[in-house]
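Peer 1: Contents of structure_3.csv (CSV, C-alpha atoms and all ligand atoms):
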```
chain,number,residue,atom,x,y,z
A,1,MET,CA,35.6,44.9,11.7
A,2,PRO,CA,31.7,44.8,11.9
A,3,ASP,CA,30.1,43.8,15.2
A,4,LEU,CA,29.3,40.2,14.4
A,5,LYS,CA,27.0,40.0,17.4
A,6,THR,CA,24.5,42.1,15.5
A,7,ILE,CA,24.3,39.5,12.7
A,8,THR,CA,21.7,36.7,13.1
A,9,VAL,CA,22.8,33.2,12.1
A,10,LEU,CA,20.1,30.4,12.1
A,11,VAL,CA,20.9,26.8,12.8
A,12,PRO,CA,18.0,24.6,11.6
A,13,GLY,CA,18.0,21.0,12.9
A,14,ARG,CA,21.1,19.4,14.5
A,15,LEU,CA,24.6,20.7,14.0
A,16,HIS,CA,27.9,19.8,15.6
A,17,ASP,CA,28.1,21.1,19.2
A,18,HIS,CA,31.4,23.0,18.6
A,19,ALA,CA,30.0,24.8,15.6
A,20,VAL,CA,26.8,25.8,17.5
A,21,ALA,CA,28.9,27.0,20.5
A,22,ARG,CA,31.2,29.1,18.2
A,23,ILE,CA,28.2,30.6,16.3
A,24,GLY,CA,26.5,31.4,19.6
A,25,LYS,CA,29.7,33.1,20.9
A,26,THR,CA,30.3,35.2,17.8
A,27,PHE,CA,26.9,35.8,16.3
A,28,ASP,CA,23.2,36.3,17.3
A,29,LEU,CA,22.3,32.6,17.2
A,30,VAL,CA,18.7,31.4,16.6
A,31,THR,CA,17.6,27.8,16.1
A,32,LEU,CA,14.7,25.9,14.5
A,33,ASP,CA,13.7,22.3,14.9
A,34,THR,CA,13.9,21.7,11.1
A,35,ALA,CA,14.6,23.6,7.9
A,36,ASP,CA,10.9,23.9,7.3
A,37,PRO,CA,9.8,27.2,5.7
A,38,SER,CA,6.5,27.1,7.6
A,39,LEU,CA,8.4,27.4,10.9
A,40,VAL,CA,10.2,30.7,9.9
A,41,THR,CA,8.7,33.5,12.0
A,42,PRO,CA,8.4,37.1,10.6
A,43,ALA,CA,11.3,38.1,12.9
A,44,MET,CA,13.5,35.4,11.5
A,45,ALA,CA,12.6,36.3,8.0
A,46,ARG,CA,13.7,39.9,8.7
A,47,GLN,CA,16.8,39.1,10.7
A,48,VAL,CA,18.5,35.9,9.5
A,49,ARG,CA,21.5,36.6,7.3
A,50,GLY,CA,23.4,33.3,7.7
A,51,LEU,CA,22.7,29.6,8.0
A,52,GLY,CA,24.9,27.0,9.6
A,53,ALA,CA,23.4,23.7,8.5
A,54,MET,CA,23.9,19.9,8.4
A,55,THR,CA,20.4,19.3,6.9
A,56,SER,CA,18.5,19.7,3.6
A,57,ILE,CA,18.1,23.3,2.6
A,58,SER,CA,15.4,23.6,0.0
A,59,ALA,CA,14.6,26.4,-2.5
A,60,ALA,CA,11.5,27.1,-0.4
A,61,PHE,CA,13.5,27.5,2.8
A,62,ILE,CA,16.0,29.9,1.0
A,63,ASP,CA,13.0,31.9,-0.3
A,64,ALA,CA,11.5,32.1,3.2
A,65,LEU,CA,14.7,34.0,4.3
A,66,PRO,CA,14.8,37.2,2.1
A,67,ASN,CA,17.9,38.6,3.8
A,68,LEU,CA,19.9,35.4,3.7
A,69,GLU,CA,23.5,35.9,2.4
A,70,ILE,CA,25.3,32.6,3.2
A,71,ILE,CA,24.6,28.9,3.8
A,72,ALA,CA,27.6,27.3,5.6
A,73,ASN,CA,27.1,23.5,5.0
A,74,PHE,CA,28.6,21.0,7.4
A,75,GLY,CA,30.1,18.4,5.1
A,76,VAL,CA,32.0,18.5,1.8
A,77,GLY,CA,29.0,16.9,0.1
A,78,TYR,CA,26.3,19.5,-0.4
A,79,ASP,CA,23.8,17.6,-2.5
A,80,ALA,CA,21.1,18.3,0.2
A,81,VAL,CA,21.5,22.1,-0.4
A,82,ASP,CA,19.8,23.6,-3.4
A,83,ALA,CA,23.0,25.5,-4.4
A,84,ARG,CA,21.7,26.3,-7.9
A,85,HIS,CA,18.7,28.1,-6.4
A,86,ALA,CA,21.0,29.8,-3.8
A,87,ALA,CA,23.1,31.1,-6.7
A,88,ILE,CA,20.0,32.5,-8.4
A,89,ARG,CA,19.2,34.3,-5.2
A,90,ASN,CA,22.8,35.6,-4.8
A,91,VAL,CA,23.2,33.5,-1.7
A,92,MET,CA,26.7,32.0,-1.0
A,93,VAL,CA,27.0,28.3,-0.2
A,94,THR,CA,30.1,26.9,1.4
A,95,ASN,CA,31.2,23.3,2.3
A,96,THR,CA,34.0,21.7,4.2
A,97,PRO,CA,36.5,20.3,1.7
A,98,ASP,CA,40.0,18.9,2.3
A,99,VAL,CA,39.9,18.8,6.2
A,100,LEU,CA,38.3,15.4,6.0
A,101,ASN,CA,40.2,13.9,3.0
A,102,GLU,CA,42.6,11.7,4.9
A,103,GLU,CA,40.0,10.5,7.5
A,104,VAL,CA,37.5,9.4,4.8
A,105,ALA,CA,40.3,7.7,2.8
A,106,ASP,CA,41.4,5.8,6.0
A,107,THR,CA,37.8,4.7,6.5
A,108,ALA,CA,37.5,3.6,2.8
A,109,LEU,CA,40.6,1.4,3.2
A,110,GLY,CA,39.3,0.0,6.5
A,111,LEU,CA,36.0,-0.8,4.8
A,112,LEU,CA,37.7,-2.4,1.9
A,113,ILE,CA,39.9,-4.6,4.1
A,114,ASN,CA,36.9,-5.5,6.3
A,115,THR,CA,34.9,-6.5,3.2
A,116,VAL,CA,37.6,-8.5,1.5
A,117,ARG,CA,39.2,-10.2,4.6
A,118,GLU,CA,36.0,-10.4,6.7
A,119,LEU,CA,37.6,-8.9,9.8
A,120,PRO,CA,34.3,-8.0,11.5
A,121,LYS,CA,33.1,-11.6,11.1
A,122,ALA,CA,36.4,-13.0,12.3
A,123,GLU,CA,36.2,-10.8,15.5
A,124,ALA,CA,32.6,-12.0,16.0
A,125,TRP,CA,33.9,-15.6,15.7
A,126,LEU,CA,36.4,-14.9,18.6
A,127,ARG,CA,33.8,-13.1,20.7
A,128,GLU,CA,31.3,-15.9,20.4
A,129,GLY,CA,33.9,-18.4,21.7
A,130,ARG,CA,34.0,-20.2,18.4
A,131,TRP,CA,37.8,-20.1,18.1
A,132,ALA,CA,38.3,-22.7,20.9
A,133,ARG,CA,35.1,-24.5,20.1
A,134,ASP,CA,35.1,-24.8,16.3
A,135,GLY,CA,38.8,-24.0,15.4
A,136,ALA,CA,40.3,-21.3,13.3
A,137,TYR,CA,38.1,-18.8,11.4
A,138,PRO,CA,37.8,-20.1,7.9
A,139,LEU,CA,40.3,-18.8,5.3
A,140,THR,CA,38.8,-15.9,3.4
A,141,ALA,CA,37.8,-16.7,-0.2
A,142,ALA,CA,38.9,-13.2,-1.2
A,143,THR,CA,42.2,-11.3,-0.9
A,144,LEU,CA,43.4,-7.9,-1.8
A,145,ARG,CA,46.5,-9.5,-3.4
A,146,GLY,CA,46.4,-9.2,-7.2
A,147,ARG,CA,43.4,-6.9,-7.2
A,148,ARG,CA,42.9,-4.0,-9.6
A,149,VAL,CA,41.2,-1.0,-8.1
A,150,GLY,CA,38.9,1.5,-9.9
A,151,ILE,CA,37.9,4.8,-8.3
A,152,PHE,CA,34.6,6.4,-9.3
A,153,GLY,CA,35.2,10.1,-8.4
A,154,MET,CA,38.9,10.9,-8.5
A,155,GLY,CA,38.6,14.2,-6.6
A,156,ARG,CA,40.2,15.3,-3.3
A,157,ILE,CA,39.2,12.2,-1.4
A,158,GLY,CA,39.5,9.9,-4.4
A,159,LYS,CA,43.2,10.9,-4.7
A,160,ALA,CA,43.8,10.3,-1.0
A,161,ILE,CA,42.3,6.8,-1.4
A,162,ALA,CA,44.4,6.2,-4.5
A,163,ARG,CA,47.6,7.0,-2.7
A,164,ARG,CA,46.7,4.4,0.0
A,165,ILE,CA,45.8,1.8,-2.7
A,166,GLU,CA,49.2,2.4,-4.4
A,167,ALA,CA,50.9,1.8,-1.0
A,168,PHE,CA,49.1,-1.5,-0.9
A,169,GLY,CA,50.9,-2.4,-4.1
A,170,LEU,CA,47.7,-2.4,-6.3
A,171,PRO,CA,47.1,-0.6,-9.6
A,172,VAL,CA,44.6,2.2,-9.7
A,173,ALA,CA,42.3,3.4,-12.5
A,174,TYR,CA,39.5,6.0,-12.4
A,175,HIS,CA,36.4,7.5,-13.9
A,176,ASN,CA,35.4,11.2,-13.8
A,177,ARG,CA,33.6,13.2,-16.4
A,178,SER,CA,36.9,14.7,-17.3
A,179,ARG,CA,40.4,13.2,-17.5
A,180,ILE,CA,42.8,14.7,-15.0
A,181,ALA,CA,45.9,16.2,-16.7
A,182,ASP,CA,49.1,14.5,-15.7
A,183,SER,CA,47.4,12.0,-13.4
A,184,PRO,CA,49.5,8.8,-13.0
A,185,TYR,CA,46.3,6.7,-13.1
A,186,GLU,CA,44.6,5.1,-16.0
A,187,TYR,CA,41.4,7.0,-17.1
A,188,HIS,CA,38.1,5.5,-18.3
A,189,ASP,CA,35.6,7.7,-19.9
A,190,SER,CA,32.7,5.5,-18.7
A,191,LEU,CA,31.9,3.9,-15.4
A,192,THR,CA,31.1,0.6,-17.1
A,193,GLY,CA,34.4,0.8,-18.9
A,194,LEU,CA,36.2,1.3,-15.6
A,195,ALA,CA,34.2,-1.6,-14.0
A,196,SER,CA,35.2,-3.9,-16.8
A,197,ALA,CA,38.9,-3.1,-16.4
A,198,VAL,CA,39.0,-3.7,-12.6
A,199,ASP,CA,37.7,-6.1,-10.0
A,200,THR,CA,37.4,-3.7,-7.1
A,201,LEU,CA,35.3,-0.5,-7.5
A,202,ILE,CA,35.4,2.3,-4.9
A,203,SER,CA,32.7,5.0,-5.3
A,204,ILE,CA,33.5,8.3,-3.7
A,205,ALA,CA,31.5,10.4,-6.2
A,206,PRO,CA,29.2,13.1,-5.0
A,207,GLY,CA,25.4,12.8,-5.0
A,208,GLY,CA,23.1,14.7,-7.3
A,209,ALA,CA,21.3,14.3,-10.6
A,210,SER,CA,24.4,13.5,-12.7
A,211,THR,CA,25.4,10.5,-10.5
A,212,GLU,CA,21.9,9.2,-9.5
A,213,LYS,CA,22.0,5.4,-9.6
A,214,ALA,CA,25.1,5.5,-11.7
A,215,VAL,CA,26.3,2.2,-10.1
A,216,ASN,CA,23.6,0.0,-11.8
A,217,ALA,CA,23.2,-3.6,-12.9
A,218,ALA,CA,25.4,-3.1,-16.0
A,219,VAL,CA,28.2,-1.7,-13.9
A,220,LEU,CA,28.0,-4.5,-11.4
A,221,GLU,CA,27.8,-7.1,-14.2
A,222,ALA,CA,31.0,-5.6,-15.7
A,223,LEU,CA,32.8,-5.7,-12.3
A,224,GLY,CA,32.3,-9.5,-12.4
A,225,PRO,CA,32.0,-12.5,-10.1
A,226,ASP,CA,35.2,-11.7,-8.1
A,227,GLY,CA,34.1,-8.1,-7.9
A,228,VAL,CA,34.1,-6.0,-4.7
A,229,PHE,CA,32.2,-2.8,-4.5
A,230,ILE,CA,32.9,-0.1,-1.9
A,231,SER,CA,30.5,2.8,-1.5
A,232,ILE,CA,31.6,5.7,0.6
A,233,GLY,CA,30.4,8.7,-1.5
A,234,ARG,CA,26.6,9.0,-1.5
A,235,GLY,CA,24.0,6.3,-1.4
A,236,SER,CA,22.1,8.0,-4.2
A,237,THR,CA,24.8,7.0,-6.7
A,238,VAL,CA,23.9,3.3,-6.3
A,239,ASP,CA,20.9,1.4,-7.7
A,240,GLU,CA,20.3,-0.5,-4.4
A,241,ASP,CA,17.8,-2.9,-6.0
A,242,ALA,CA,20.5,-3.9,-8.5
A,243,LEU,CA,23.2,-4.2,-5.8
A,244,VAL,CA,21.0,-6.4,-3.6
A,245,GLU,CA,20.4,-8.6,-6.6
A,246,ALA,CA,24.1,-8.7,-7.6
A,247,LEU,CA,25.1,-9.7,-4.1
A,248,LYS,CA,22.4,-12.4,-3.8
A,249,SER,CA,23.1,-13.9,-7.2
A,250,GLY,CA,26.9,-13.8,-7.1
A,251,THR,CA,27.1,-11.3,-9.9
A,252,ILE,CA,29.7,-9.7,-7.6
A,253,ARG,CA,31.5,-11.2,-4.6
A,254,ALA,CA,31.0,-8.6,-1.9
A,255,ALA,CA,30.2,-5.0,-1.0
A,256,GLY,CA,31.2,-2.6,1.7
A,257,LEU,CA,28.8,0.3,2.3
A,258,ASP,CA,29.2,3.4,4.4
A,259,VAL,CA,26.4,5.3,2.7
A,260,PHE,CA,22.8,4.5,1.8
A,261,ALA,CA,20.1,6.0,-0.4
A,262,SER,CA,17.6,6.7,2.4
A,263,GLU,CA,19.8,7.5,5.5
A,264,PRO,CA,19.5,7.1,8.4
A,265,GLY,CA,17.2,4.4,7.2
A,266,PHE,CA,18.6,1.7,4.9
A,267,ASP,CA,17.3,-1.1,2.8
A,268,GLN,CA,16.8,-4.0,5.3
A,269,ARG,CA,17.6,-6.6,2.7
A,270,PHE,CA,21.3,-5.7,3.1
A,271,LEU,CA,21.1,-7.2,6.7
A,272,ASP,CA,20.4,-10.6,5.2
A,273,LEU,CA,23.4,-10.6,2.9
A,274,PRO,CA,26.5,-12.3,4.4
A,275,ASN,CA,28.6,-10.7,1.7
A,276,ALA,CA,27.7,-7.1,2.7
A,277,CYS,CA,29.8,-5.2,5.2
A,278,LEU,CA,27.8,-2.3,6.6
A,279,LEU,CA,28.7,1.0,8.3
A,280,PRO,CA,26.4,3.9,9.5
A,281,HIS,CA,28.0,6.7,7.5
A,282,VAL,CA,31.2,7.1,9.6
A,283,GLY,CA,33.6,8.1,6.9
A,284,SER,CA,34.6,11.4,8.6
A,285,ALA,CA,33.3,10.5,12.1
A,286,SER,CA,36.2,11.1,14.4
A,287,VAL,CA,36.2,13.8,17.1
A,288,HIS,CA,39.4,15.3,15.4
A,289,THR,CA,37.9,15.6,11.9
A,290,ARG,CA,34.4,16.6,12.8
A,291,GLN,CA,35.9,19.4,14.9
A,292,ALA,CA,37.9,20.6,11.9
A,293,MET,CA,34.7,20.5,9.8
A,294,ALA,CA,32.8,22.5,12.5
A,295,ASP,CA,35.6,25.1,12.6
A,296,LEU,CA,35.5,25.5,8.8
A,297,VAL,CA,31.7,26.0,8.9
A,298,VAL,CA,32.1,28.9,11.3
A,299,ASP,CA,35.3,30.2,9.8
A,300,ASN,CA,33.3,30.6,6.5
A,301,LEU,CA,30.6,32.6,8.3
A,302,GLU,CA,33.1,34.8,10.1
A,303,SER,CA,35.1,35.5,7.0
A,304,TRP,CA,32.0,36.3,5.0
A,305,PHE,CA,30.5,38.7,7.5
A,306,ALA,CA,33.9,40.3,8.1
A,307,GLY,CA,33.8,41.3,4.4
A,308,LYS,CA,36.6,38.9,3.4
A,309,GLY,CA,34.5,36.6,1.2
A,310,ALA,CA,33.9,32.9,1.7
A,311,LEU,CA,36.8,30.5,2.3
A,312,THR,CA,35.4,27.5,0.6
A,313,PRO,CA,32.6,28.4,-1.8
A,314,VAL,CA,31.0,25.6,-3.8
A,315,PRO,CA,31.4,25.9,-7.6
A,316,GLU,CA,27.7,26.9,-8.2
A,317,THR,CA,28.1,30.1,-6.0
A,318,LYS,CA,31.7,31.0,-6.6
A,319,ASP,CA,30.6,34.3,-8.3
A,320,VAL,CA,28.2,35.3,-5.5
A,321,SER,CA,29.3,38.4,-3.7
A,322,ARG,CA,28.0,40.6,-0.9
A,323,GLY,CA,25.7,43.5,-1.6
B,401,LIG,P1,35.5,16.4,-5.2
B,401,LIG,O1,36.9,16.8,-4.9
B,401,LIG,O2,34.6,17.4,-5.8
B,401,LIG,O3,35.6,15.1,-6.2
B,401,LIG,C1,34.5,14.6,-6.8
B,401,LIG,C2,34.9,13.9,-8.0
B,401,LIG,O4,33.8,13.2,-8.6
B,401,LIG,C3,35.5,14.8,-9.1
B,401,LIG,O5,36.8,14.2,-9.5
B,401,LIG,C4,34.5,14.8,-10.2
B,401,LIG,O6,35.2,14.8,-11.5
B,401,LIG,C5,33.8,13.4,-10.0
B,401,LIG,N1,32.4,13.5,-10.5
B,401,LIG,C6,31.5,14.4,-10.2
B,401,LIG,N2,30.4,14.1,-10.8
B,401,LIG,C7,30.6,13.1,-11.6
B,401,LIG,C8,29.8,12.4,-12.6
B,401,LIG,N3,28.6,12.7,-12.9
B,401,LIG,N4,30.4,11.3,-13.2
B,401,LIG,C9,31.7,11.0,-13.0
B,401,LIG,N5,32.5,11.6,-12.1
B,401,LIG,C10,31.9,12.7,-11.4
B,401,LIG,O7,34.8,15.9,-3.9
B,401,LIG,P2,35.5,15.2,-2.6
B,401,LIG,O8,35.9,16.2,-1.7
B,401,LIG,O9,36.5,14.2,-3.0
B,401,LIG,O10,34.2,14.5,-2.0
B,401,LIG,C11,33.5,13.5,-2.8
B,401,LIG,C12,32.2,13.1,-2.2
B,401,LIG,O11,32.4,12.2,-1.1
B,401,LIG,C13,31.3,14.2,-1.5
B,401,LIG,O12,30.6,14.9,-2.4
B,401,LIG,C14,30.5,13.4,-0.5
B,401,LIG,O13,29.3,13.1,-1.1
B,401,LIG,C15,31.3,12.2,-0.2
B,401,LIG,N6,31.8,12.1,1.2
B,401,LIG,C16,31.4,11.0,2.0
B,401,LIG,C17,31.8,11.0,3.3
B,401,LIG,C18,31.4,9.9,4.2
B,401,LIG,O14,31.5,10.1,5.4
B,401,LIG,N7,31.1,8.7,3.7
B,401,LIG,C19,32.7,12.0,3.8
B,401,LIG,C20,33.1,13.0,2.9
B,401,LIG,C21,32.6,13.0,1.6
B,401,LIG,P3,34.5,15.5,-12.8
B,401,LIG,O15,34.0,16.8,-12.3
B,401,LIG,O16,35.6,15.6,-13.8
B,401,LIG,O17,33.4,14.6,-13.2
B,402,LIG,C1,29.5,14.0,7.1
B,402,LIG,C2,29.9,13.7,4.6
B,402,LIG,O1,29.2,12.8,7.8
B,402,LIG,O2,31.3,15.6,4.3
B,402,LIG,C3,30.4,14.8,3.8
B,402,LIG,O3,30.0,15.0,2.7
B,402,LIG,O4,29.2,12.8,4.1
B,402,LIG,C4,30.3,13.5,6.0
B,402,LIG,O5,31.6,13.9,6.3
B,402,LIG,C5,28.2,14.6,6.8
B,402,LIG,O6,28.2,15.6,5.8
B,402,LIG,C6,27.6,15.2,8.0
B,402,LIG,O7,26.4,14.6,8.2
```
What would you get if you wrote out this structure as structure tokens?

Peer 2:
Amino acid sequence: MPDLKTITVLVPGRLHDHAVARIGKTFDLVTLDTADPSLVTPAMARQVRGLGAMTSISAAFIDALPNLEIIANFGVGYDAVDARHAAIRNVMVTNTPDVLNEEVADTALGLLINTVRELPKAEAWLREGRWARDGAYPLTAATLRGRRVGIFGMGRIGKAIARRIEAFGLPVAYHNRSRIADSPYEYHDSLTGLASAVDTLISIAPGGASTEKAVNAAVLEALGPDGVFISIGRGSTVDEDALVEALKSGTIRAAGLDVFASEPGFDQRFLDLPNACLLPHVGSASVHTRQAMADLVVDNLESWFAGKGALTPVPETKDVSRG
């Protein structure tokens, strides 16, 4: 077993405390305020062999670290890491799949129920003293009963969401680029086709060029006037101008959003929409699950530098090897 304390791992920007503590205990830890290539010192350029990161990692930053071997990304989504460039440079990229599936699926269902049955607004009604003053909270116009649910991105988390939807007694359909062999769910080879077939669309698709603004005006139009849209994958998959317009005009009934195109900022027009239920990207945000994600980041670094390979390589870098 090599002495891991001789290996320098850089943490640029913020990272989960548990991951930073474990990296510091095991490796030679160095930090940077941001992943900005102009901040890389000559010593860092010489020494850094690993990155533990929860921030954007550009091609320029990868190039500024000529001895880099591995980028361990905190998060299953790694659209902020230039994994294709990493592969060209023979740099491994890992993410944190599976350990967050059930948490994110729980959040998706919570967001769906909150959106359809207006539970946050009903709680506000109670807190504001309106129950005694004005009477019962108005009956919700929408219900989950009788809905048909479409999942955009039937992957690890999509399947965990689908199992929950089935338990709610609702039919499930999905859109991926490829049909899943022996999946019990109805497949649609286009997102508009899926939206036409359902009245409730849950997006848990990854970010990146192939999904950029995929949920557009045509998809929302196809979802229809009783349509409910839940976004918990990446904000970049949604044309937010089209969504604001669809919520304003009644093209769809309501939306629940955990993710936004320009986080941590978000389009302020959503605040004025009574039919939008908004969360600050909390899909995986429990102490339990974030700790498991942090452990997987460091387990990947340890396994790599122990010569045992990466535990959870992303597809773009699955063929990258040491040396
Ligand atoms: P996954 O297992 O890789 O599933 C992604 C699914 O999306 C696959 O079934 C894939 O099928 C489909 N897909 C990818 N590109 C597509 C495209 N262009 N058109 C149609 N379908 C496409 O990923 P996961 O672990 O379930 O995670 C999914 C995403 O959730 C992550 O990438 C992340 O962005 C997001 N996420 C959000 C939170 C949160 O807190 N809100 C937490 C965790 C994850 P095909 O390859 O066949 O197309
Ligand atoms: C995290 C996520 O909140 O795993 C992902 O892709 O979106 C979330 O679990 C995020 O990656 C950390 O900021």

Peer 1: Let me make sure I understand: among A:Asp134, A:Asp79, A:Glu103, A:Asp63, which one has the smallest atom-to-atom distance to A:Val91 if we use all atoms listed in the file?

Peer 2: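 Once distances to A:Val91 are computed over all atoms listed in the file, the minimum belongs to A:Asp63.
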
Peer 1: Go through the chains and note each residue within 6 Å of ligand LIG 401 (chain B), using all atoms listed in the file, then give the set as a list of chain:residue names.

Peer 2: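 With all atoms listed in the file and a cut-off of 6 Å, ligand LIG 401 (chain B) is contacted by A:Val76, A:Gly77, A:Pro97, A:Val104, A:Gly153, A:Met154, A:Gly155, A:Arg156, A:Ile157, A:Gly158, A:His175, A:Asn176, A:Arg177, A:Ser178, A:Ile204, A:Ala205, A:Pro206, A:Gly207, A:Ser210, A:Thr211, A:Ile232, A:Gly233, A:Arg234, A:Asp258, A:Val259, A:His281, A:Val282, A:Gly283, A:Ser284.
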
Peer 1: Which residues are close to A:Gly250, i.e. within 12 Å by only C-alpha atoms, leaving aside same-chain residues fewer than 3 positions away? Reply as a short mmCIF file (atom, residue, chain, number, x, y, z; two decimals) with C-alpha atoms, keeping the file's coordinate frame.

Peer 2:
```cif
data_model
loop_
_atom_site.label_atom_id
_atom_site.label_comp_id
_atom_site.auth_asym_id
_atom_site.auth_seq_id
_atom_site.Cartn_x
_atom_site.Cartn_y
_atom_site.Cartn_z
CA LEU A 220 28.00 -4.50 -11.40
CA GLU A 221 27.80 -7.10 -14.20
CA LEU A 223 32.80 -5.70 -12.30
CA GLY A 224 32.30 -9.50 -12.40
CA PRO A 225 32.00 -12.50 -10.10
CA ASP A 226 35.20 -11.70 -8.10
CA GLY A 227 34.10 -8.10 -7.90
CA VAL A 228 34.10 -6.00 -4.70
CA ALA A 242 20.50 -3.90 -8.50
CA LEU A 243 23.20 -4.20 -5.80
CA VAL A 244 21.00 -6.40 -3.60
CA GLU A 245 20.40 -8.60 -6.60
CA ALA A 246 24.10 -8.70 -7.60
CA LEU A 247 25.10 -9.70 -4.10
CA ARG A 253 31.50 -11.20 -4.60
CA ALA A 254 31.00 -8.60 -1.90
CA ALA A 255 30.20 -5.00 -1.00
CA LEU A 273 23.40 -10.60 2.90
CA PRO A 274 26.50 -12.30 4.40
CA ASN A 275 28.60 -10.70 1.70
CA ALA A 276 27.70 -7.10 2.70
#
```

Peer 1: Ranking A:Met92, A:Leu139, A:Ala53, A:Ala310 by minimum distance to A:Ala80 and counting all atoms listed in the file, which one comes first?

Peer 2: A:Ala53

Peer 1: Taking 3 positions as the minimum chain separation for residues in the same chain, which residues sit within 10 Å of A:Trp304 when counting all atoms listed in the file? Answer as a ChimeraX atom specification.

Peer 2: /A:50,69-70,92,298-301,307-311,321-322

Peer 1: Write out, as a short mmCIF file (atom, residue, chain, number, x, y, z; two decimals), keeping the file's coordinate frame, the residues just selected, with C-alpha atoms.

Peer 2:
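Everything below was put into part_3.cif:
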```cif
data_model
loop_
_atom_site.label_atom_id
_atom_site.label_comp_id
_atom_site.auth_asym_id
_atom_site.auth_seq_id
_atom_site.Cartn_x
_atom_site.Cartn_y
_atom_site.Cartn_z
CA GLY A 50 23.40 33.30 7.70
CA GLU A 69 23.50 35.90 2.40
CA ILE A 70 25.30 32.60 3.20
CA MET A 92 26.70 32.00 -1.00
CA VAL A 298 32.10 28.90 11.30
CA ASP A 299 35.30 30.20 9.80
CA ASN A 300 33.30 30.60 6.50
CA LEU A 301 30.60 32.60 8.30
CA GLY A 307 33.80 41.30 4.40
CA LYS A 308 36.60 38.90 3.40
CA GLY A 309 34.50 36.60 1.20
CA ALA A 310 33.90 32.90 1.70
CA LEU A 311 36.80 30.50 2.30
CA SER A 321 29.30 38.40 -3.70
CA ARG A 322 28.00 40.60 -0.90
#
```

Peer 1: Could you list as a list in words every residue that has an atom within 9 Å of (20.6, -1.3, 2.2), using the file's coordinates and counting all atoms listed in the file?

Peer 2: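 Taken together, the residues in range are Glu240, Asp241, Leu243, Val244, Leu257, Val259, Phe260, Ala261, Ser262, Gly265, Phe266, Asp267, Gln268, Arg269, Phe270, Leu271 and Leu278 of chain A.
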
Peer 1: Take the residues from that selection and put them in a file with C-alpha atoms, as a PDB file, keeping the file's coordinate frame.

Peer 2:
```pdb
ATOM      1  CA  GLU A 240      20.300  -0.500  -4.400  1.00  0.00           C
ATOM      2  CA  ASP A 241      17.800  -2.900  -6.000  1.00  0.00           C
ATOM      3  CA  LEU A 243      23.200  -4.200  -5.800  1.00  0.00           C
ATOM      4  CA  VAL A 244      21.000  -6.400  -3.600  1.00  0.00           C
ATOM      5  CA  LEU A 257      28.800   0.300   2.300  1.00  0.00           C
ATOM      6  CA  VAL A 259      26.400   5.300   2.700  1.00  0.00           C
ATOM      7  CA  PHE A 260      22.800   4.500   1.800  1.00  0.00           C
ATOM      8  CA  ALA A 261      20.100   6.000  -0.400  1.00  0.00           C
ATOM      9  CA  SER A 262      17.600   6.700   2.400  1.00  0.00           C
ATOM     10  CA  GLY A 265      17.200   4.400   7.200  1.00  0.00           C
ATOM     11  CA  PHE A 266      18.600   1.700   4.900  1.00  0.00           C
ATOM     12  CA  ASP A 267      17.300  -1.100   2.800  1.00  0.00           C
ATOM     13  CA  GLN A 268      16.800  -4.000   5.300  1.00  0.00           C
ATOM     14  CA  ARG A 269      17.600  -6.600   2.700  1.00  0.00           C
ATOM     15  CA  PHE A 270      21.300  -5.700   3.100  1.00  0.00           C
ATOM     16  CA  LEU A 271      21.100  -7.200   6.700  1.00  0.00           C
ATOM     17  CA  LEU A 278      27.800  -2.300   6.600  1.00  0.00           C
TER      18      LEU A 278
END
```

Peer 1: Got a sec to check which residues sit within 6 Å of (17.2, 31.0, 12.5), counting all atoms listed in the file, and write them as a PyMOL selection string?

Peer 2: chain A and resi 10-11+30-31+44+48

Peer 1: Kindly indicate which residue among A:Asp82, A:Asp28, A:Asp36, A:Glu102 lies nearest to ligand LIG 402 (chain B), using only C-alpha atoms and all ligand atoms for the distances.

Peer 2: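 Once distances to ligand LIG 402 (chain B) are computed over only C-alpha atoms and all ligand atoms, the minimum belongs to A:Glu102.
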
Peer 1: So, with only C-alpha atoms and all ligand atoms as the atoms that count, which of A:Leu100, A:Val20, A:Ala64, A:Ala167 lies closest to ligand LIG 402 (chain B)?

Peer 2: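 With only C-alpha atoms and all ligand atoms as the atom set, the closest residue is A:Leu100.
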
Peer 1: For atom CA of A:Gly135 and atom CA of A:Arg117, determine how far apart the two atoms are, in Å to one decimal place.

Peer 2: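 Calculated distance between atom CA of A:Gly135 and atom CA of A:Arg117 is 17.5 Å.
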
Peer 1: Identify which of the residues A:Gln291, A:Asn90, A:Ser190, A:Thr143 lies closest to ligand LIG 402 (chain B), counting all atoms listed in the file when measuring atom-to-atom distances.

Peer 2: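 Nearest to ligand LIG 402 (chain B): A:Gln291.
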
Peer 1: Can you work out the spacing between atom CA of A:Cys277 and atom CA of A:Thr115 in Å, to one decimal?

Peer 2: 5.6 Å

Peer 1: With distances taken over only C-alpha atoms, which of A:Asp189, A:Asp295, A:Asp33, A:Asp182 is nearest to A:Thr96?

Peer 2: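 Under the stated criterion, the closest residue is A:Asp295.
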
Peer 1: Please measure the separation of atom CA of A:Thr41 and atom CA of A:Pro313, giving the value in Å to one decimal.

Peer 2: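 So the answer is 28.1 Å.
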